[in-house]
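What follows is a single structure, written as C-alpha cells, with notes after it.
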There are 2 protein chains.
Amino acid sequence: MIEKSKNTDRSTEVVPRPGGRSARIQAAVIQAVEELKQNQDPSELTVPAIADRAGVTPSTIYRRWGTLNELLAEVAARNMRPDAPPQDTGDWRNDLAVWLHEFVEEMSSEPGRVMLREVLGGERPDNAGQCSSFTRQQLDTILARVNNDEERPPATDDLLDQVIAPVMYRILFTNAPPERDYTQKLIDKALGVNST
Amino acid sequence: MIEKSKNTDRSTEVVPRPGGRSARIQAAVIQAVEELKQNQDPSELTVPAIADRAGVTPSTIYRRWGTLNELLAEVAARNMRPDAPPQDTGDWRNDLAVWLHEFVEEMSSEPGRVMLREVLGGERPDNAGQCSSFTRQQLDTILARVNNDEERPPATDDLLDQVIAPVMYRILFTNAPPERDYTQKLIDKALGVNST
DNA sequence: CCCTTAAGGCAAATATTTTGCGTTAAGGGG
DNA sequence: CCCCTTAACGCAAAATATTTGCCTTAAGGG
C-alpha cells in the first residue's frame, strides 16, 4: 500500500497560526500568573496552580513554555512595558531627569528586582531584548522633543551607555541601589553639563 | 521534675561552624555540578543527579541550597573568580585593553552568558555582588600599576560605570554582543583619549 | 463542506521535592 | 579525656511537579 499522500516533503513550512484559541489560552495563563503574583508567598506560584486558575491543564503550559522560568520571563517582560510615554514638562532635560528617576526607583524596588531576575533568568534572549527596547523607545520619545534648531540632543545609544547601563549594573550586581545624586550626575555628565 | 538545665536561654547564639564535614560535602556537591555541566544536555543537570555524583542524598542539597537555581547561582559565581591577575605588559593602558577584550569575549560566549543567567537568576544578591567584586579587583590591580607621579589614573568606579556597565548591559539585554571596536571606544573615552 | 494540522485535554507514568525521624560528627565544657 | 549539645546528614515515605501517549477539538485552507 502506498503511504497516503505525504505532503510533508514539500518545503511548505508549517506556518504558526496567529490569534484564535491559542491566543485566548495564552492570555488566560498570563493573567493567572499576574493574579497569583499578587498573593505574597511565591511558593504558590507553581505551574499546576497557574494552570488551575487559568482553567487549563498543566501539560498545556509545559508544552507551550517548557518551564516555569520561561513563562515567568515572558510575563515579566510584558509587565515592563511602560503604560505611558514619559511626562512632558516642556523641558526635555527635565523630562529625562524625571523619567529616569522614576525608572531607577521602579527597577530598584523589590518587585522591580524580581522582574529583572525573572527576565534575565529565562533562556530566550527575546524577553531581555524587549526590555531594553522599551527603554529605548521611552528615551527616543523624550529626545524627539528636542528642538533640533537650538540644540543637539545626545544619541539614544549614548544615553543607554552612559546612564541606563551604569544604573542597571548597580541594580543587578551590587547591594547598593543607585542614589538620586548618583543618577543625576550620570545625566549631567551625559548631557555635557559643567559641574566641575 | 525540673527541666534539665536549659542552657538555651543564654544569649549564647549558636554559632555556625566553619570547616569540617559540611565543608567537604559542599565541595563535593559543587564539584559534581561542575562535572555535570561538562556533559552537554543541561537536562541532566538535576538535583538528584548532582546528589548522586556527589555521593550525597538529594535532601541534603535541598536543605542547604533550597533550589537548583540557588545552587547553580553559587557555583556560577565561584567560577567567575579570575584564575590570574590581568596580564602585565608594562603599559597599564594596554593591560586594561587586553584584559577588557578578554573579559568581554568570555562574558559574551555561550558559557559566559549561561553563567550570567545563573548568577542573576538566584535570589541571593551575594552571588552577583561577588562577580562585580571580582571585576573590581582586577581593575584595581591594573590601576595600581599606574605611576601616580606621571599620570592620574581613572577611578575604578568610573571604569565600572563607563566601560564595564555598558558592555554588560549589551550582553544581558541585547542580541548584539559588544564588538571589539565598540569596546575600544569605551576605553578610549574613559581614559580621555582624543579621537575626534 | 471536508481535510489537515497545531494545540489542548486527560490520565498514567516518571521525576522531583518535601518531610519526619533516627543517626552522626563537630565542638565545647567539665 | 569523656560527655553533652546541636547542626547537619541519611533514609524512606509522602506530596508535588513534570513528562508522555493518545484522543479530541477547532482554526484555516482548498
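Identifiers in the C-alpha cells: chain A, B, ... in order shown; residue index from 1 per chain; ligand index from 1 in order shown.
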What are the closest atom pairs, with distances in Å to one decimal, for all residues of chain B lying within 8 Å of chain D? Consider only C-alpha atoms (C1' of nucleotides), order rows by chain and residue number, and present the result as JSON lines.
```
{"residue": "B:Ser22", "atom": "CA", "partner": "D:DA8", "partner_atom": "C1'", "distance": 7.3}
{"residue": "B:Thr57", "atom": "CA", "partner": "D:DG10", "partner_atom": "C1'", "distance": 6.8}
{"residue": "B:Thr60", "atom": "CA", "partner": "D:DC9", "partner_atom": "C1'", "distance": 6.6}
```
Can you check which parts of chain B lie within 8 Å of chain C? Per residue, the shortest pair of atoms and distance in Å to one decimal, counting only C-alpha atoms (C1' of nucleotides), sorted by chain and number, as a Markdown table.
```
| residue | atom | partner | partner_atom | distance |
| --- | --- | --- | --- | --- |
| B:Gly20 | CA | C:DA26 | C1' | 7.2 |
| B:Arg21 | CA | C:DA25 | C1' | 7.7 |
| B:Tyr62 | CA | C:DT17 | C1' | 8.0 |
```
Next item on the list: Quick one: pull the distance between atom CA of His101 of chain A and atom CA of Gln184 of chain A, Å, one decimal.
Entry: 8.2 Å
Mind dumping a table of every chain B residue within 10 Å of chain A, with the nearest atom pair and its distance in Å to one decimal, using only C-alpha atoms, sorted by chain and rising number, as a tab-separated table?
```
residue	atom	partner	partner_atom	distance
B:Asn69	CA	A:Gly121	CA	9.4
B:Arg113	CA	A:Glu123	CA	9.6
B:Val114	CA	A:Glu123	CA	8.4
B:Leu116	CA	A:Leu120	CA	8.7
B:Arg117	CA	A:Gly121	CA	5.3
B:Glu118	CA	A:Gly121	CA	6.9
B:Val119	CA	A:Gly121	CA	8.8
B:Leu120	CA	A:Arg117	CA	6.1
B:Gly121	CA	A:Gly121	CA	4.7
B:Gly122	CA	A:Arg117	CA	7.6
B:Glu123	CA	A:Arg117	CA	7.9
B:Pro125	CA	A:Asn175	CA	6.9
B:Asp126	CA	A:Asn175	CA	7.9
B:Asn127	CA	A:Phe173	CA	8.4
B:Ala128	CA	A:Phe173	CA	4.8
B:Gly129	CA	A:Thr174	CA	4.9
B:Gln130	CA	A:Phe173	CA	8.0
B:Cys131	CA	A:Phe173	CA	7.2
B:Ser132	CA	A:Phe173	CA	6.0
B:Ser133	CA	A:Thr174	CA	8.6
B:Asp157	CA	A:Pro166	CA	9.9
B:Asp158	CA	A:Pro166	CA	9.6
B:Leu160	CA	A:Pro166	CA	7.5
B:Asp161	CA	A:Pro166	CA	4.8
B:Gln162	CA	A:Gln162	CA	6.2
B:Val163	CA	A:Asp161	CA	8.5
B:Ile164	CA	A:Pro166	CA	8.3
B:Ala165	CA	A:Pro166	CA	5.1
B:Pro166	CA	A:Asp161	CA	4.8
B:Val167	CA	A:Asp161	CA	8.2
B:Met168	CA	A:Tyr169	CA	7.4
B:Tyr169	CA	A:Ala165	CA	5.5
B:Arg170	CA	A:Ala165	CA	8.4
B:Ile171	CA	A:Pro125	CA	9.9
B:Leu172	CA	A:Ala128	CA	7.1
B:Phe173	CA	A:Ala128	CA	4.8
B:Thr174	CA	A:Gly129	CA	4.9
B:Asn175	CA	A:Gly129	CA	6.7
B:Ala176	CA	A:Gly129	CA	9.7
B:Leu186	CA	A:Asp161	CA	9.1
```
Just write the chosen residues, C-alpha atoms, as a PDB file, in the first residue's frame.
```pdb
ATOM      1  CA  ASN B  69      18.667  27.802  40.898  1.00  0.00           C
ATOM      2  CA  ARG B 113      26.000  34.024  29.154  1.00  0.00           C
ATOM      3  CA  VAL B 114      24.819  30.870  30.846  1.00  0.00           C
ATOM      4  CA  LEU B 116      25.485  35.259  33.985  1.00  0.00           C
ATOM      5  CA  ARG B 117      21.961  33.918  33.697  1.00  0.00           C
ATOM      6  CA  GLU B 118      22.579  31.550  36.563  1.00  0.00           C
ATOM      7  CA  VAL B 119      24.178  34.152  38.781  1.00  0.00           C
ATOM      8  CA  LEU B 120      21.463  36.720  38.192  1.00  0.00           C
ATOM      9  CA  GLY B 121      18.732  34.107  38.369  1.00  0.00           C
ATOM     10  CA  GLY B 122      19.436  33.336  42.013  1.00  0.00           C
ATOM     11  CA  GLU B 123      17.566  35.138  44.732  1.00  0.00           C
ATOM     12  CA  PRO B 125      22.205  39.073  45.743  1.00  0.00           C
ATOM     13  CA  ASP B 126      25.517  37.934  47.239  1.00  0.00           C
ATOM     14  CA  ASN B 127      26.482  35.954  44.191  1.00  0.00           C
ATOM     15  CA  ALA B 128      26.017  38.795  41.747  1.00  0.00           C
ATOM     16  CA  GLY B 129      27.794  41.059  44.185  1.00  0.00           C
ATOM     17  CA  GLN B 130      30.756  38.761  44.221  1.00  0.00           C
ATOM     18  CA  CYS B 131      31.020  38.938  40.443  1.00  0.00           C
ATOM     19  CA  SER B 132      31.323  42.683  40.368  1.00  0.00           C
ATOM     20  CA  SER B 133      33.697  42.412  43.273  1.00  0.00           C
ATOM     21  CA  ASP B 157      34.124  53.307  39.783  1.00  0.00           C
ATOM     22  CA  ASP B 158      34.404  55.385  36.653  1.00  0.00           C
ATOM     23  CA  LEU B 160      32.799  50.345  36.030  1.00  0.00           C
ATOM     24  CA  ASP B 161      30.294  52.995  35.011  1.00  0.00           C
ATOM     25  CA  GLN B 162      31.742  53.922  31.664  1.00  0.00           C
ATOM     26  CA  VAL B 163      33.164  50.673  30.380  1.00  0.00           C
ATOM     27  CA  ILE B 164      32.066  47.574  32.259  1.00  0.00           C
ATOM     28  CA  ALA B 165      28.448  48.590  32.679  1.00  0.00           C
ATOM     29  CA  PRO B 166      27.751  49.415  29.014  1.00  0.00           C
ATOM     30  CA  VAL B 167      29.371  46.200  27.941  1.00  0.00           C
ATOM     31  CA  MET B 168      27.399  44.130  30.414  1.00  0.00           C
ATOM     32  CA  TYR B 169      24.191  45.895  29.539  1.00  0.00           C
ATOM     33  CA  ARG B 170      24.623  44.950  25.910  1.00  0.00           C
ATOM     34  CA  ILE B 171      25.415  41.364  26.751  1.00  0.00           C
ATOM     35  CA  LEU B 172      22.460  40.989  29.065  1.00  0.00           C
ATOM     36  CA  PHE B 173      19.801  42.968  27.247  1.00  0.00           C
ATOM     37  CA  THR B 174      20.555  42.930  23.552  1.00  0.00           C
ATOM     38  CA  ASN B 175      21.128  40.323  20.907  1.00  0.00           C
ATOM     39  CA  ALA B 176      24.232  42.075  19.688  1.00  0.00           C
ATOM     40  CA  LEU B 186      34.534  52.930  25.529  1.00  0.00           C
TER      41      LEU B 186
END
```
Check: Which value, in Å to one decimal, gives the distance between atom CA of Asp95 of chain B and atom CA of Pro177 of chain B?
Finding: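 Atom-to-atom, atom CA of Asp95 of chain B to atom CA of Pro177 of chain B, that is 21.8 Å.
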Item checked: Closest of B:Leu71, B:Trp92, B:Ala144, B:Pro85 to Leu45 of chain B - atom-to-atom distances counting only C-alpha atoms ->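 With only C-alpha atoms as the atom set, the closest residue is B:Leu71.
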Margin query: DSSP on the backbone: which residues in chain B end up as alpha helix (DSSP H)? Give the answer as number ranges by chain.
Written below: B: 21-38, 47-54, 58-65, 68-79, 92-108, 110-121, 125-143, 156-159, 165-173, 180-190
Checklist line | Close residues, Glu105 of chain A itself excluded, 9 Å, only C-alpha atoms (C1' of nucleotides), min 5 positions apart in chain, as a list of chain:residue names | finding: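 Here the qualifying residues turn out to be A:Leu100, A:Gly112, A:Pro177, A:Pro178.
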Next item on the list: One decimal, Å: what's the distance from atom CA of Ser59 of chain B over to atom CA of Ala32 of chain B, could you say?
Entry: 15.5 Å
Next item on the list: For Asn147 of chain B, please output as a PyMOL selection string all residues within 12 Å (counting only C-alpha atoms (C1' of nucleotides); exclusion window: fewer than 3 positions along the same chain).
Entry: chain B and resi 90-93+142-144+150-153
What's the 12 Å shell around Glu102 of chain A, counting only C-alpha atoms (C1' of nucleotides), without same-chain residues fewer than 3 positions away, as a PDB file with all heavy atoms, in the first residue's frame?
```pdb
ATOM      1  N   PRO A  82       6.115  50.062  29.397  1.00  0.00           N
ATOM      2  CA  PRO A  82       5.630  51.280  30.056  1.00  0.00           C
ATOM      3  C   PRO A  82       4.175  51.531  29.671  1.00  0.00           C
ATOM      4  O   PRO A  82       3.795  51.277  28.539  1.00  0.00           O
ATOM      5  CB  PRO A  82       6.548  52.366  29.499  1.00  0.00           C
ATOM      6  CG  PRO A  82       7.116  51.818  28.238  1.00  0.00           C
ATOM      7  CD  PRO A  82       7.159  50.327  28.400  1.00  0.00           C
ATOM      8  N   PRO A  86       6.822  59.130  28.570  1.00  0.00           N
ATOM      9  CA  PRO A  86       7.380  59.960  29.645  1.00  0.00           C
ATOM     10  C   PRO A  86       6.634  61.286  29.742  1.00  0.00           C
ATOM     11  O   PRO A  86       6.224  61.848  28.727  1.00  0.00           O
ATOM     12  CB  PRO A  86       8.832  60.176  29.199  1.00  0.00           C
ATOM     13  CG  PRO A  86       9.114  59.057  28.273  1.00  0.00           C
ATOM     14  CD  PRO A  86       7.842  58.730  27.594  1.00  0.00           C
ATOM     15  N   GLN A  87       6.484  61.751  30.953  1.00  0.00           N
ATOM     16  CA  GLN A  87       5.793  63.025  31.203  1.00  0.00           C
ATOM     17  C   GLN A  87       6.451  64.153  30.398  1.00  0.00           C
ATOM     18  O   GLN A  87       7.671  64.194  30.266  1.00  0.00           O
ATOM     19  CB  GLN A  87       5.886  63.329  32.702  1.00  0.00           C
ATOM     20  CG  GLN A  87       5.028  64.500  33.134  1.00  0.00           C
ATOM     21  CD  GLN A  87       5.225  64.810  34.599  1.00  0.00           C
ATOM     22  OE1 GLN A  87       5.942  64.076  35.288  1.00  0.00           O
ATOM     23  NE2 GLN A  87       4.607  65.876  35.075  1.00  0.00           N
ATOM     24  N   ASP A  95      12.338  66.397  31.487  1.00  0.00           N
ATOM     25  CA  ASP A  95      11.621  65.152  31.190  1.00  0.00           C
ATOM     26  C   ASP A  95      12.528  63.959  31.428  1.00  0.00           C
ATOM     27  O   ASP A  95      12.142  62.968  32.049  1.00  0.00           O
ATOM     28  CB  ASP A  95      11.165  65.134  29.721  1.00  0.00           C
ATOM     29  CG  ASP A  95      10.057  66.136  29.448  1.00  0.00           C
ATOM     30  OD1 ASP A  95       9.605  66.785  30.408  1.00  0.00           O
ATOM     31  OD2 ASP A  95       9.679  66.268  28.270  1.00  0.00           O
ATOM     32  N   LEU A  96      13.737  64.089  30.933  1.00  0.00           N
ATOM     33  CA  LEU A  96      14.691  62.989  31.052  1.00  0.00           C
ATOM     34  C   LEU A  96      14.980  62.673  32.510  1.00  0.00           C
ATOM     35  O   LEU A  96      14.946  61.509  32.933  1.00  0.00           O
ATOM     36  CB  LEU A  96      15.986  63.343  30.316  1.00  0.00           C
ATOM     37  CG  LEU A  96      17.076  62.270  30.322  1.00  0.00           C
ATOM     38  CD1 LEU A  96      16.559  60.980  29.692  1.00  0.00           C
ATOM     39  CD2 LEU A  96      18.314  62.762  29.587  1.00  0.00           C
ATOM     40  N   ALA A  97      15.236  63.722  33.266  1.00  0.00           N
ATOM     41  CA  ALA A  97      15.552  63.524  34.684  1.00  0.00           C
ATOM     42  C   ALA A  97      14.373  62.894  35.418  1.00  0.00           C
ATOM     43  O   ALA A  97      14.540  61.917  36.173  1.00  0.00           O
ATOM     44  CB  ALA A  97      15.942  64.851  35.330  1.00  0.00           C
ATOM     45  N   VAL A  98      13.203  63.429  35.186  1.00  0.00           N
ATOM     46  CA  VAL A  98      12.012  62.920  35.868  1.00  0.00           C
ATOM     47  C   VAL A  98      11.781  61.452  35.522  1.00  0.00           C
ATOM     48  O   VAL A  98      11.591  60.608  36.397  1.00  0.00           O
ATOM     49  CB  VAL A  98      10.764  63.751  35.475  1.00  0.00           C
ATOM     50  CG1 VAL A  98       9.487  63.046  35.916  1.00  0.00           C
ATOM     51  CG2 VAL A  98      10.853  65.147  36.078  1.00  0.00           C
ATOM     52  N   TRP A  99      11.836  61.199  34.230  1.00  0.00           N
ATOM     53  CA  TRP A  99      11.586  59.811  33.806  1.00  0.00           C
ATOM     54  C   TRP A  99      12.628  58.873  34.391  1.00  0.00           C
ATOM     55  O   TRP A  99      12.320  57.802  34.912  1.00  0.00           O
ATOM     56  CB  TRP A  99      11.613  59.705  32.275  1.00  0.00           C
ATOM     57  CG  TRP A  99      11.513  58.285  31.827  1.00  0.00           C
ATOM     58  CD1 TRP A  99      10.379  57.533  31.749  1.00  0.00           C
ATOM     59  CD2 TRP A  99      12.602  57.420  31.474  1.00  0.00           C
ATOM     60  NE1 TRP A  99      10.691  56.253  31.354  1.00  0.00           N
ATOM     61  CE2 TRP A  99      12.045  56.163  31.181  1.00  0.00           C
ATOM     62  CE3 TRP A  99      13.983  57.600  31.368  1.00  0.00           C
ATOM     63  CZ2 TRP A  99      12.822  55.076  30.793  1.00  0.00           C
ATOM     64  CZ3 TRP A  99      14.761  56.525  30.981  1.00  0.00           C
ATOM     65  CH2 TRP A  99      14.176  55.270  30.700  1.00  0.00           C
ATOM     66  N   GLU A 105      13.826  54.094  40.344  1.00  0.00           N
ATOM     67  CA  GLU A 105      13.122  53.702  41.555  1.00  0.00           C
ATOM     68  C   GLU A 105      12.350  52.400  41.333  1.00  0.00           C
ATOM     69  O   GLU A 105      12.371  51.505  42.170  1.00  0.00           O
ATOM     70  CB  GLU A 105      12.170  54.827  41.980  1.00  0.00           C
ATOM     71  CG  GLU A 105      11.759  54.710  43.427  1.00  0.00           C
ATOM     72  CD  GLU A 105      11.316  56.079  43.961  1.00  0.00           C
ATOM     73  OE1 GLU A 105      11.949  57.096  43.570  1.00  0.00           O
ATOM     74  OE2 GLU A 105      10.359  56.127  44.721  1.00  0.00           O
ATOM     75  N   GLU A 106      11.705  52.304  40.177  1.00  0.00           N
ATOM     76  CA  GLU A 106      10.946  51.092  39.884  1.00  0.00           C
ATOM     77  C   GLU A 106      11.859  49.875  39.770  1.00  0.00           C
ATOM     78  O   GLU A 106      11.550  48.807  40.294  1.00  0.00           O
ATOM     79  CB  GLU A 106      10.167  51.260  38.573  1.00  0.00           C
ATOM     80  CG  GLU A 106       8.912  52.086  38.719  1.00  0.00           C
ATOM     81  CD  GLU A 106       8.162  52.221  37.399  1.00  0.00           C
ATOM     82  OE1 GLU A 106       8.477  51.450  36.466  1.00  0.00           O
ATOM     83  OE2 GLU A 106       7.287  53.082  37.306  1.00  0.00           O
ATOM     84  N   MET A 107      12.962  50.048  39.074  1.00  0.00           N
ATOM     85  CA  MET A 107      13.856  48.912  38.866  1.00  0.00           C
ATOM     86  C   MET A 107      14.548  48.487  40.154  1.00  0.00           C
ATOM     87  O   MET A 107      14.874  47.314  40.330  1.00  0.00           O
ATOM     88  CB  MET A 107      14.912  49.265  37.814  1.00  0.00           C
ATOM     89  CG  MET A 107      14.347  49.431  36.416  1.00  0.00           C
ATOM     90  SD  MET A 107      13.562  47.920  35.810  1.00  0.00           S
ATOM     91  CE  MET A 107      13.161  48.393  34.138  1.00  0.00           C
ATOM     92  N   SER A 108      14.788  49.439  41.040  1.00  0.00           N
ATOM     93  CA  SER A 108      15.474  49.118  42.293  1.00  0.00           C
ATOM     94  C   SER A 108      14.544  48.494  43.325  1.00  0.00           C
ATOM     95  O   SER A 108      15.007  47.834  44.257  1.00  0.00           O
ATOM     96  CB  SER A 108      16.084  50.384  42.915  1.00  0.00           C
ATOM     97  OG  SER A 108      16.914  51.045  42.005  1.00  0.00           O
ATOM     98  N   SER A 109      13.256  48.728  43.163  1.00  0.00           N
ATOM     99  CA  SER A 109      12.302  48.217  44.152  1.00  0.00           C
ATOM    100  C   SER A 109      12.322  46.691  44.156  1.00  0.00           C
ATOM    101  O   SER A 109      12.822  46.064  43.228  1.00  0.00           O
ATOM    102  CB  SER A 109      10.897  48.695  43.816  1.00  0.00           C
ATOM    103  OG  SER A 109      10.428  48.047  42.648  1.00  0.00           O
ATOM    104  N   GLY A 112      10.608  45.265  41.250  1.00  0.00           N
ATOM    105  CA  GLY A 112      11.407  45.514  40.051  1.00  0.00           C
ATOM    106  C   GLY A 112      12.553  44.532  39.941  1.00  0.00           C
ATOM    107  O   GLY A 112      12.815  43.973  38.871  1.00  0.00           O
ATOM    108  N   PRO A 178      21.197  52.598  43.113  1.00  0.00           N
ATOM    109  CA  PRO A 178      21.697  53.939  42.789  1.00  0.00           C
ATOM    110  C   PRO A 178      20.961  55.015  43.584  1.00  0.00           C
ATOM    111  O   PRO A 178      19.748  55.039  43.650  1.00  0.00           O
ATOM    112  CB  PRO A 178      21.358  54.082  41.300  1.00  0.00           C
ATOM    113  CG  PRO A 178      21.062  52.710  40.814  1.00  0.00           C
ATOM    114  CD  PRO A 178      20.571  51.938  41.980  1.00  0.00           C
ATOM    115  N   GLU A 179      21.757  55.896  44.189  1.00  0.00           N
ATOM    116  CA  GLU A 179      21.172  57.038  44.888  1.00  0.00           C
ATOM    117  C   GLU A 179      20.746  58.083  43.861  1.00  0.00           C
ATOM    118  O   GLU A 179      21.236  58.111  42.741  1.00  0.00           O
ATOM    119  CB  GLU A 179      22.214  57.672  45.829  1.00  0.00           C
ATOM    120  CG  GLU A 179      22.743  56.735  46.880  1.00  0.00           C
ATOM    121  CD  GLU A 179      21.734  56.544  47.993  1.00  0.00           C
ATOM    122  OE1 GLU A 179      20.771  57.342  48.056  1.00  0.00           O
ATOM    123  OE2 GLU A 179      21.906  55.589  48.775  1.00  0.00           O
ATOM    124  N   ARG A 180      19.875  58.982  44.303  1.00  0.00           N
ATOM    125  CA  ARG A 180      19.367  60.009  43.411  1.00  0.00           C
ATOM    126  C   ARG A 180      20.508  60.906  42.901  1.00  0.00           C
ATOM    127  O   ARG A 180      20.569  61.246  41.719  1.00  0.00           O
ATOM    128  CB  ARG A 180      18.344  60.859  44.166  1.00  0.00           C
ATOM    129  CG  ARG A 180      17.390  61.586  43.267  1.00  0.00           C
ATOM    130  CD  ARG A 180      16.445  62.456  44.073  1.00  0.00           C
ATOM    131  NE  ARG A 180      15.698  63.313  43.184  1.00  0.00           N
ATOM    132  CZ  ARG A 180      14.626  62.940  42.521  1.00  0.00           C
ATOM    133  NH1 ARG A 180      14.172  61.711  42.679  1.00  0.00           N
ATOM    134  NH2 ARG A 180      14.005  63.764  41.699  1.00  0.00           N
ATOM    135  N   THR A 183      22.547  59.145  40.189  1.00  0.00           N
ATOM    136  CA  THR A 183      21.824  59.120  38.915  1.00  0.00           C
ATOM    137  C   THR A 183      21.852  60.486  38.251  1.00  0.00           C
ATOM    138  O   THR A 183      22.083  60.608  37.041  1.00  0.00           O
ATOM    139  CB  THR A 183      20.363  58.693  39.154  1.00  0.00           C
ATOM    140  OG1 THR A 183      20.341  57.462  39.862  1.00  0.00           O
ATOM    141  CG2 THR A 183      19.632  58.547  37.836  1.00  0.00           C
ATOM    142  N   GLN A 184      21.646  61.506  39.046  1.00  0.00           N
ATOM    143  CA  GLN A 184      21.629  62.860  38.476  1.00  0.00           C
ATOM    144  C   GLN A 184      22.982  63.216  37.861  1.00  0.00           C
ATOM    145  O   GLN A 184      23.048  63.829  36.800  1.00  0.00           O
ATOM    146  CB  GLN A 184      21.266  63.881  39.567  1.00  0.00           C
ATOM    147  CG  GLN A 184      21.055  65.290  39.021  1.00  0.00           C
ATOM    148  CD  GLN A 184      19.895  65.329  38.018  1.00  0.00           C
ATOM    149  OE1 GLN A 184      18.814  64.836  38.296  1.00  0.00           O
ATOM    150  NE2 GLN A 184      20.148  65.920  36.843  1.00  0.00           N
TER     151      GLN A 184
END
```
